[in-house]
Amino acid sequence: MADELDLLRRANPVPADAPSFGDGPLDHNAERRLNRLLHDRTPAGRRPRLLWSLVAASVVVVTALTLLLSGPHTTPAVAAPRPLVVRAGSAPVSLDLLADRAEQAAADGAPGLRKGTHAQSWSLGMSDDKPPITLPMERIVRWKADDSRTELVVATDPGHPGRPVLTDEGGTPRLVDDGHVISRRTYPPSWSDAPPEATPPHDTVLLRAYLQEAAYTQSALTTPELLDAVGALLDHWTLGARESAALARLLADTGGLRPMGGVTDRLGRNGQAYEYRAPGLRRMLIMEPSTGAVLGLESTFTKDDPQYGVESGDVMEYSAWMR
């Protein structure tokens, strides 16, 4: 248990302006680490109860935020998204063909790589004795010349899912629509040269090694490990055309993702869906059909689990990345 907690602490560093004590929500990197721990291989029939207890603890924070958004005398605002659905009759595009398109689109090198991210995310908190609790969030991270960074996180309006409420036009992240500010923080300079903070390469071989290091392994990445590493990368970087092309080729070469057809993502964008299935879980990667840029990643339960109040078809989490 101590090892898992240590991982979470390192994945969720305390910002410069944070108080010296007090509870707070896990940041997006810590949530991803927790998700990796939850899905580590365990012997058949064993459930990682200690790790679920970490999720249960975070539910307390999410509950407070939900009440904060809705007020003490109203029903808490809960956004329960439906899983993305592939458009009927749409033609699947192989990852090999998508990678070819991405390489052609990247010929002039534009757009370029940018450190920082703008994303919407949603995740499901579960416990043994409470129903699932949800909180949609939007996050902008921008880096400064001195390697410090600012992070603005808001809870988006559950009544209008998928509508961005943040912008950083003019270089200053700010609200442009309804949304409750969860945190607005400035982090001190970071000079880490390790992935995913290190600059990602736009060569497929080098990118594979980069993502292996980000995933803390020297072995060939499995498909789920690669998807986790892609999520970590996109939570730090807005990829340029060349990096997106290298990533598309890497995904094609790795295999394990089944082309499903066209889909409209949570921000109304046209994409191509690629599916990976594991026992009880479906993961869907959404990619822009002409440039190969990753638009989103979604995980959905494929079987009921009454103990945690989830049913087949419930979305576990999603991220939608913007430029």
# chains A, B, ... in the order shown; residues from 1 in each chain; ligands from 1

call {"tool": "select_by_dssp", "arguments": {"residues": "range 172-246 of chain A", "states": "helix (DSSP H, G or I)", "output": "ChimeraX atom specification"}}
result
/A:204-214,223-234,241-246

call {"tool": "write_last_selection", "arguments": {"atoms": "N, CA and C atoms", "output": "mmCIF file, in the first residue's frame"}}
result
data_model
loop_
_atom_site.group_PDB
_atom_site.id
_atom_site.type_symbol
_atom_site.label_atom_id
_atom_site.label_comp_id
_atom_site.auth_asym_id
_atom_site.auth_seq_id
_atom_site.Cartn_x
_atom_site.Cartn_y
_atom_site.Cartn_z
ATOM 1 N N THR A 204 9.476 7.631 -35.174
ATOM 2 C CA THR A 204 8.677 6.563 -34.578
ATOM 3 C C THR A 204 9.490 5.691 -33.628
ATOM 4 N N VAL A 205 10.704 5.328 -34.009
ATOM 5 C CA VAL A 205 11.539 4.478 -33.159
ATOM 6 C C VAL A 205 11.866 5.187 -31.851
ATOM 7 N N LEU A 206 12.266 6.463 -31.955
ATOM 8 C CA LEU A 206 12.597 7.227 -30.752
ATOM 9 C C LEU A 206 11.362 7.477 -29.895
ATOM 10 N N LEU A 207 10.215 7.692 -30.536
ATOM 11 C CA LEU A 207 8.986 7.913 -29.783
ATOM 12 C C LEU A 207 8.585 6.660 -29.022
ATOM 13 N N ARG A 208 8.807 5.492 -29.612
ATOM 14 C CA ARG A 208 8.499 4.247 -28.906
ATOM 15 C C ARG A 208 9.322 4.151 -27.617
ATOM 16 N N ALA A 209 10.636 4.447 -27.729
ATOM 17 C CA ALA A 209 11.499 4.404 -26.548
ATOM 18 C C ALA A 209 11.075 5.453 -25.520
ATOM 19 N N TYR A 210 10.696 6.623 -25.999
ATOM 20 C CA TYR A 210 10.218 7.710 -25.122
ATOM 21 C C TYR A 210 9.008 7.258 -24.319
ATOM 22 N N LEU A 211 8.038 6.640 -24.989
ATOM 23 C CA LEU A 211 6.813 6.222 -24.310
ATOM 24 C C LEU A 211 7.067 5.034 -23.392
ATOM 25 N N GLN A 212 8.023 4.174 -23.736
ATOM 26 C CA GLN A 212 8.402 3.109 -22.819
ATOM 27 C C GLN A 212 8.949 3.688 -21.519
ATOM 28 N N GLU A 213 9.778 4.716 -21.642
ATOM 29 C CA GLU A 213 10.310 5.352 -20.434
ATOM 30 C C GLU A 213 9.202 6.027 -19.645
ATOM 31 N N ALA A 214 8.260 6.660 -20.343
ATOM 32 C CA ALA A 214 7.133 7.285 -19.655
ATOM 33 C C ALA A 214 6.278 6.258 -18.927
ATOM 34 N N THR A 223 -0.708 -2.936 -25.935
ATOM 35 C CA THR A 223 -1.654 -1.915 -26.396
ATOM 36 C C THR A 223 -2.206 -1.084 -25.242
ATOM 37 N N PRO A 224 -2.685 -1.692 -24.133
ATOM 38 C CA PRO A 224 -3.183 -0.843 -23.035
ATOM 39 C C PRO A 224 -2.102 0.030 -22.420
ATOM 40 N N GLU A 225 -0.874 -0.472 -22.330
ATOM 41 C CA GLU A 225 0.216 0.349 -21.807
ATOM 42 C C GLU A 225 0.498 1.521 -22.738
ATOM 43 N N LEU A 226 0.444 1.267 -24.030
ATOM 44 C CA LEU A 226 0.662 2.344 -24.991
ATOM 45 C C LEU A 226 -0.430 3.398 -24.877
ATOM 46 N N LEU A 227 -1.683 2.985 -24.716
ATOM 47 C CA LEU A 227 -2.769 3.950 -24.575
ATOM 48 C C LEU A 227 -2.591 4.789 -23.315
ATOM 49 N N ASP A 228 -2.163 4.159 -22.218
ATOM 50 C CA ASP A 228 -1.892 4.919 -20.995
ATOM 51 C C ASP A 228 -0.780 5.938 -21.220
ATOM 52 N N ALA A 229 0.280 5.509 -21.909
ATOM 53 C CA ALA A 229 1.409 6.410 -22.160
ATOM 54 C C ALA A 229 1.007 7.556 -23.072
ATOM 55 N N VAL A 230 0.149 7.274 -24.056
ATOM 56 C CA VAL A 230 -0.353 8.333 -24.936
ATOM 57 C C VAL A 230 -1.132 9.357 -24.121
ATOM 58 N N GLY A 231 -1.976 8.889 -23.202
ATOM 59 C CA GLY A 231 -2.724 9.816 -22.360
ATOM 60 C C GLY A 231 -1.810 10.696 -21.528
ATOM 61 N N ALA A 232 -0.755 10.097 -20.952
ATOM 62 C CA ALA A 232 0.194 10.887 -20.167
ATOM 63 C C ALA A 232 0.910 11.909 -21.038
ATOM 64 N N LEU A 233 1.281 11.511 -22.246
ATOM 65 C CA LEU A 233 1.957 12.432 -23.172
ATOM 66 C C LEU A 233 1.063 13.620 -23.492
ATOM 67 N N LEU A 234 -0.212 13.354 -23.816
ATOM 68 C CA LEU A 234 -1.115 14.428 -24.224
ATOM 69 C C LEU A 234 -1.571 15.283 -23.048
ATOM 70 N N ALA A 241 2.235 18.372 -36.002
ATOM 71 C CA ALA A 241 1.888 17.452 -37.080
ATOM 72 C C ALA A 241 2.872 16.288 -37.163
ATOM 73 N N ARG A 242 4.159 16.552 -37.010
ATOM 74 C CA ARG A 242 5.152 15.492 -37.145
ATOM 75 C C ARG A 242 5.077 14.507 -35.992
ATOM 76 N N GLU A 243 4.851 15.003 -34.781
ATOM 77 C CA GLU A 243 4.717 14.103 -33.629
ATOM 78 C C GLU A 243 3.452 13.257 -33.752
ATOM 79 N N SER A 244 2.361 13.873 -34.232
ATOM 80 C CA SER A 244 1.121 13.119 -34.430
ATOM 81 C C SER A 244 1.305 12.023 -35.466
ATOM 82 N N ALA A 245 2.055 12.325 -36.536
ATOM 83 C CA ALA A 245 2.302 11.330 -37.570
ATOM 84 C C ALA A 245 3.133 10.166 -37.020
ATOM 85 N N ALA A 246 4.148 10.484 -36.223
ATOM 86 C CA ALA A 246 4.971 9.425 -35.630
ATOM 87 C C ALA A 246 4.138 8.568 -34.686
#

call {"tool": "residues_around", "arguments": {"residues": "range 142-153 of chain A", "least_positions_apart": "4", "cutoff": "6 Å", "atoms": "only C-alpha atoms", "output": "list of chain:residue names"}}
result
A:Gly116, A:Glu138, A:Ile182, A:Ser183, A:Arg184, A:Arg185, A:Thr186, A:Tyr187, A:Pro188, A:Pro189, A:Ser190

call {"tool": "select_by_dssp", "arguments": {"residues": "range 280-316 of chain A", "states": "strand (DSSP E)", "output": "ChimeraX atom specification"}}
result
/A:281-287,294-301,315-316

call {"tool": "closest_residue", "arguments": {"among": "A:Arg114, A:Lys303, A:Arg266, A:Arg277", "to": "Tyr318 in chain A", "atoms": "only C-alpha atoms"}}
result
A:Arg266

call {"tool": "closest_residue", "arguments": {"among": "A:Thr291, A:Gly261, A:Pro196, A:Thr238", "to": "Glu103 in chain A", "atoms": "only C-alpha atoms"}}
result
A:Thr291

call {"tool": "residues_around", "arguments": {"residues": "Arg283 in chain A", "least_positions_apart": "5", "cutoff": "8 Å", "atoms": "only C-alpha atoms", "output": "PyMOL selection string"}}
result
chain A and resi 275-277+297-300

call {"tool": "write_last_selection", "arguments": {"atoms": "N, CA, C and O atoms", "output": "tab-separated table (two decimals), in the first residue's frame"}}
result
chain	number	residue	atom	x	y	z
A	275	GLU	N	-10.73	0.60	-31.36
A	275	GLU	CA	-11.18	-0.04	-30.12
A	275	GLU	C	-10.20	-1.10	-29.64
A	275	GLU	O	-9.66	-1.88	-30.42
A	276	TYR	N	-10.01	-1.11	-28.32
A	276	TYR	CA	-9.28	-2.19	-27.65
A	276	TYR	C	-10.18	-2.74	-26.56
A	276	TYR	O	-10.74	-1.98	-25.77
A	277	ARG	N	-10.32	-4.06	-26.52
A	277	ARG	CA	-11.18	-4.70	-25.52
A	277	ARG	C	-10.34	-5.56	-24.59
A	277	ARG	O	-9.49	-6.34	-25.03
A	297	LEU	N	-9.81	9.78	-25.76
A	297	LEU	CA	-9.66	8.41	-25.30
A	297	LEU	C	-10.75	8.17	-24.26
A	297	LEU	O	-10.93	8.97	-23.34
A	298	GLU	N	-11.48	7.06	-24.43
A	298	GLU	CA	-12.62	6.77	-23.57
A	298	GLU	C	-12.56	5.32	-23.10
A	298	GLU	O	-12.21	4.43	-23.87
A	299	SER	N	-12.91	5.11	-21.84
A	299	SER	CA	-13.00	3.75	-21.28
A	299	SER	C	-14.43	3.51	-20.83
A	299	SER	O	-15.03	4.34	-20.13
A	300	THR	N	-14.98	2.34	-21.20
A	300	THR	CA	-16.38	2.00	-20.90
A	300	THR	C	-16.44	0.59	-20.35
A	300	THR	O	-15.78	-0.32	-20.85

call {"tool": "residues_around", "arguments": {"residues": "range 80-94 of chain A", "least_positions_apart": "5", "cutoff": "9 Å", "atoms": "only C-alpha atoms", "output": "list of chain:residue names"}}
result
A:Ala99, A:Trp122, A:Leu124, A:Ile133, A:Thr134, A:Leu135, A:Pro158, A:Pro161, A:Ala252, A:Arg258, A:Pro259, A:Met260, A:Gly261, A:Gly262, A:Val263, A:Thr264, A:Asp265, A:Arg266, A:Gln272, A:Ala273, A:Tyr274, A:Met284, A:Pro289, A:Glu298, A:Ser299, A:Thr300, A:Gly313, A:Asp314, A:Val315

call {"tool": "closest_residue", "arguments": {"among": "A:Ala194, A:Ala119, A:Ile140, A:Leu251", "to": "Gly296 in chain A", "atoms": "only C-alpha atoms"}}
result
A:Ala119
